[in-house]
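Working notes, beginning with the structure itself.
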Amino acid sequence: MSKAAADRIRVAVVDDHEMFRAGVIATLRDSFDIVGQAADVPGSVAMIAQTKPQVVLLDVHVPGGEGGGGAEILTKSRAYSPATVFLALSVSDAPQDVGSVIRAGAQGYVTKTITGADLISSIKQVHEGYAVFSPKLAGFVLSAFQGVPAAGADGAAPAHDEELDRLSAREQEVMRLIARGYTYKEVAAELFISIKTVETHVSSVLRKLQLSNRTELTRWAADRRIV
């Protein structure tokens, strides 16, 4: 085996739709070593225990087991393959679906509208230790898991923050990542945008909030418990 082949990331695919699973595998085969696939909870746990992939592409809604789907697979697989990293790949962008697998320990969550090239990039990023989310989900994930509710208990939107409302949805995503200490390059990779675009958004955020630098931005965001 060549060194290049030996260095290929070992990937497994979990999805109960056979045709979709086959399409994903065909897309990834040239870039990764596909070591396993499965369509239900018990089969997935057994496959992961046997093959110990470095990255598992994990659908959220997978039948079998105790009904916990992808989150159940992730939880039960930890004991058998603790080094495996999970990237959720789902048609759903519902907050409860995102929350279930992220709380169970998934490293990222992308939707099935993702392009093949971006999926390949996302797998490489989670393997390197980065958290990866589809741009549409990034703001929700950062809010939901940093102490700011995405909605009130009755499903209503949270109270408005006039300063925060000055920012566009994308500017808020960039702001939260920058405030958490991400570099411009890391923000660009996280949101699938260029570094130049990140710089433009940061300049706009600082101007709209009347702040001078990212240190002040971090303090501003921390005061609002959004980092």
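Within each chain, counting starts at residue 1; across the structure tokens, chains are named A, B, ... in the order shown, with ligands numbered 1 upward in that order.
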Which residues of segment 56-129 of chain A have any atom within 12 Å of an atom in segment 28-43 of chain A when counting only C-alpha atoms, and what is the closest pair of atoms for each, with the distance in Å to one decimal? Order the rows by chain and rising number and write it as JSON lines.
{"residue": "A:Val56", "atom": "CA", "partner": "A:Gln37", "partner_atom": "CA", "distance": 9.1}
{"residue": "A:Leu57", "atom": "CA", "partner": "A:Gln37", "partner_atom": "CA", "distance": 9.4}
{"residue": "A:Leu58", "atom": "CA", "partner": "A:Ala38", "partner_atom": "CA", "distance": 9.7}
{"residue": "A:Asp59", "atom": "CA", "partner": "A:Ala39", "partner_atom": "CA", "distance": 9.2}
{"residue": "A:Val60", "atom": "CA", "partner": "A:Val41", "partner_atom": "CA", "distance": 10.6}
{"residue": "A:His61", "atom": "CA", "partner": "A:Asp40", "partner_atom": "CA", "distance": 9.2}
{"residue": "A:Val62", "atom": "CA", "partner": "A:Asp40", "partner_atom": "CA", "distance": 5.4}
{"residue": "A:Pro63", "atom": "CA", "partner": "A:Asp40", "partner_atom": "CA", "distance": 5.1}
{"residue": "A:Gly64", "atom": "CA", "partner": "A:Val41", "partner_atom": "CA", "distance": 5.1}
{"residue": "A:Gly65", "atom": "CA", "partner": "A:Val41", "partner_atom": "CA", "distance": 5.3}
{"residue": "A:Glu66", "atom": "CA", "partner": "A:Val41", "partner_atom": "CA", "distance": 8.4}
{"residue": "A:Gly67", "atom": "CA", "partner": "A:Val41", "partner_atom": "CA", "distance": 8.4}
{"residue": "A:Gly68", "atom": "CA", "partner": "A:Val41", "partner_atom": "CA", "distance": 8.3}
{"residue": "A:Gly69", "atom": "CA", "partner": "A:Val41", "partner_atom": "CA", "distance": 6.5}
{"residue": "A:Gly70", "atom": "CA", "partner": "A:Val41", "partner_atom": "CA", "distance": 7.5}
{"residue": "A:Ala71", "atom": "CA", "partner": "A:Val41", "partner_atom": "CA", "distance": 9.6}
{"residue": "A:Glu72", "atom": "CA", "partner": "A:Val41", "partner_atom": "CA", "distance": 7.3}
{"residue": "A:Ile73", "atom": "CA", "partner": "A:Val41", "partner_atom": "CA", "distance": 5.7}
{"residue": "A:Leu74", "atom": "CA", "partner": "A:Val41", "partner_atom": "CA", "distance": 9.4}
{"residue": "A:Thr75", "atom": "CA", "partner": "A:Val41", "partner_atom": "CA", "distance": 10.8}
{"residue": "A:Lys76", "atom": "CA", "partner": "A:Val41", "partner_atom": "CA", "distance": 9.3}
{"residue": "A:Ser77", "atom": "CA", "partner": "A:Pro42", "partner_atom": "CA", "distance": 9.9}
{"residue": "A:Thr115", "atom": "CA", "partner": "A:Leu28", "partner_atom": "CA", "distance": 11.5}
{"residue": "A:Gly116", "atom": "CA", "partner": "A:Leu28", "partner_atom": "CA", "distance": 7.9}
{"residue": "A:Ala117", "atom": "CA", "partner": "A:Leu28", "partner_atom": "CA", "distance": 9.2}
{"residue": "A:Asp118", "atom": "CA", "partner": "A:Leu28", "partner_atom": "CA", "distance": 11.1}
{"residue": "A:Leu119", "atom": "CA", "partner": "A:Leu28", "partner_atom": "CA", "distance": 8.5}
{"residue": "A:Ile120", "atom": "CA", "partner": "A:Leu28", "partner_atom": "CA", "distance": 6.8}
{"residue": "A:Ser121", "atom": "CA", "partner": "A:Ser31", "partner_atom": "CA", "distance": 10.1}
{"residue": "A:Ser122", "atom": "CA", "partner": "A:Leu28", "partner_atom": "CA", "distance": 11.6}
{"residue": "A:Ile123", "atom": "CA", "partner": "A:Phe32", "partner_atom": "CA", "distance": 9.4}
{"residue": "A:Lys124", "atom": "CA", "partner": "A:Phe32", "partner_atom": "CA", "distance": 9.5}
{"residue": "A:His127", "atom": "CA", "partner": "A:Phe32", "partner_atom": "CA", "distance": 11.7}
Problem set entry | Point-to-point distance from atom CA of Ser212 of chain A to atom CA of Ser168 of chain A, Å rounded to tenths | 19.1 Å
Problem set entry | Spatial neighbours of Leu177 of chain A, max dist 9 Å, only C-alpha atoms, sep filter under 4 positions, as a list in words |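 Using only C-alpha atoms, the neighbours found are Leu142, Gln172, Glu173, Gly181, Tyr182, Thr183, Glu186, Val187, Glu190 and Val227 of chain A.
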Those residues you just picked out, can you put them in a file as a compact mmCIF listing (two decimals), in the first residue's frame with C-alpha atoms?
# COMPACT_ATOMS: atom_id res chain seq x y z
CA LEU A 142 -23.98 28.86 18.37
CA GLN A 172 -24.31 37.63 13.35
CA GLU A 173 -22.81 34.26 12.40
CA GLY A 181 -11.67 33.45 19.04
CA TYR A 182 -11.84 31.97 15.56
CA THR A 183 -9.33 33.30 13.03
CA GLU A 186 -11.32 29.41 10.42
CA VAL A 187 -14.48 31.50 10.06
CA GLU A 190 -16.75 27.17 8.95
CA VAL A 227 -20.54 33.40 22.82
Exercise. Which polymer residues have any atom within 12 Å of an atom of Thr200 of chain A, counting only C-alpha atoms, with same-chain residues fewer than 3 positions away left out, as a list in words?
Worked result: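 So the residues in contact are Arg170, Glu171, Val174, Met175, Tyr184, Ala188, Ile193, Ser194, Ile195, Lys196, Thr197, Ser203, Ser204, Val205, Leu206 and Arg207 of chain A.
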Take the residues from that selection and put them in a file with C-alpha atoms, as a PDB file, in the first residue's frame.
ATOM      1  CA  ARG A 170     -24.641  36.322   8.204  1.00  0.00           C
ATOM      2  CA  GLU A 171     -22.993  39.172  10.125  1.00  0.00           C
ATOM      3  CA  VAL A 174     -19.438  35.851  11.673  1.00  0.00           C
ATOM      4  CA  MET A 175     -19.629  37.980  14.833  1.00  0.00           C
ATOM      5  CA  TYR A 184     -10.581  34.786   9.769  1.00  0.00           C
ATOM      6  CA  ALA A 188     -14.192  31.255   6.277  1.00  0.00           C
ATOM      7  CA  ILE A 193     -17.087  31.804   2.443  1.00  0.00           C
ATOM      8  CA  SER A 194     -13.862  33.556   1.444  1.00  0.00           C
ATOM      9  CA  ILE A 195     -11.479  35.196   3.897  1.00  0.00           C
ATOM     10  CA  LYS A 196     -12.078  38.503   2.077  1.00  0.00           C
ATOM     11  CA  THR A 197     -15.809  38.145   2.717  1.00  0.00           C
ATOM     12  CA  SER A 203     -15.629  45.570   9.307  1.00  0.00           C
ATOM     13  CA  SER A 204     -19.370  45.999   8.903  1.00  0.00           C
ATOM     14  CA  VAL A 205     -20.077  44.480  12.336  1.00  0.00           C
ATOM     15  CA  LEU A 206     -17.573  46.757  14.073  1.00  0.00           C
ATOM     16  CA  ARG A 207     -18.956  49.811  12.269  1.00  0.00           C
TER      17      ARG A 207
END
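Residues of segment 32-160 of chain A carrying a DSSP assignment of strand (DSSP E or B), computed from the backbone, are Asp33, Ile34, Val35, Gly36, Gln37, Ala38, Val55, Val56, Leu57, Leu58, Val85, Phe86, Leu87, Ala88, Leu89, Ser90, Gly108, Tyr109, Val110, Thr111, Val132 and Phe133 of chain A.
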Exercise. Out of A:Lys112, A:Lys208, A:Arg224, A:Arg10, which residue has the shortest atom-to-atom distance to Val24 of chain A when counting only C-alpha atoms?
Worked result: A:Lys112
Seminar exercise, completed: Pairwise distance, atom CA of Val85 of chain A with atom CA of Pro53 of chain A, equals 8.2 Å
Problem set entry | Nearest candidate to Ile114 of chain A (options A:Val13, A:Val91, A:Leu164, A:Leu211; using only C-alpha atoms) |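 Among the listed residues, A:Val91 lies closest to Ile114 of chain A.
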Exercise. Please, which residues of segment 3-169 of chain A, numbered as in this document, come out helix (DSSP H, G or I) from DSSP, as a ChimeraX atom specification?
Worked result: /A:3-6,18-28,41-51,69-77,95-104,116-127,135-144,162-165,169
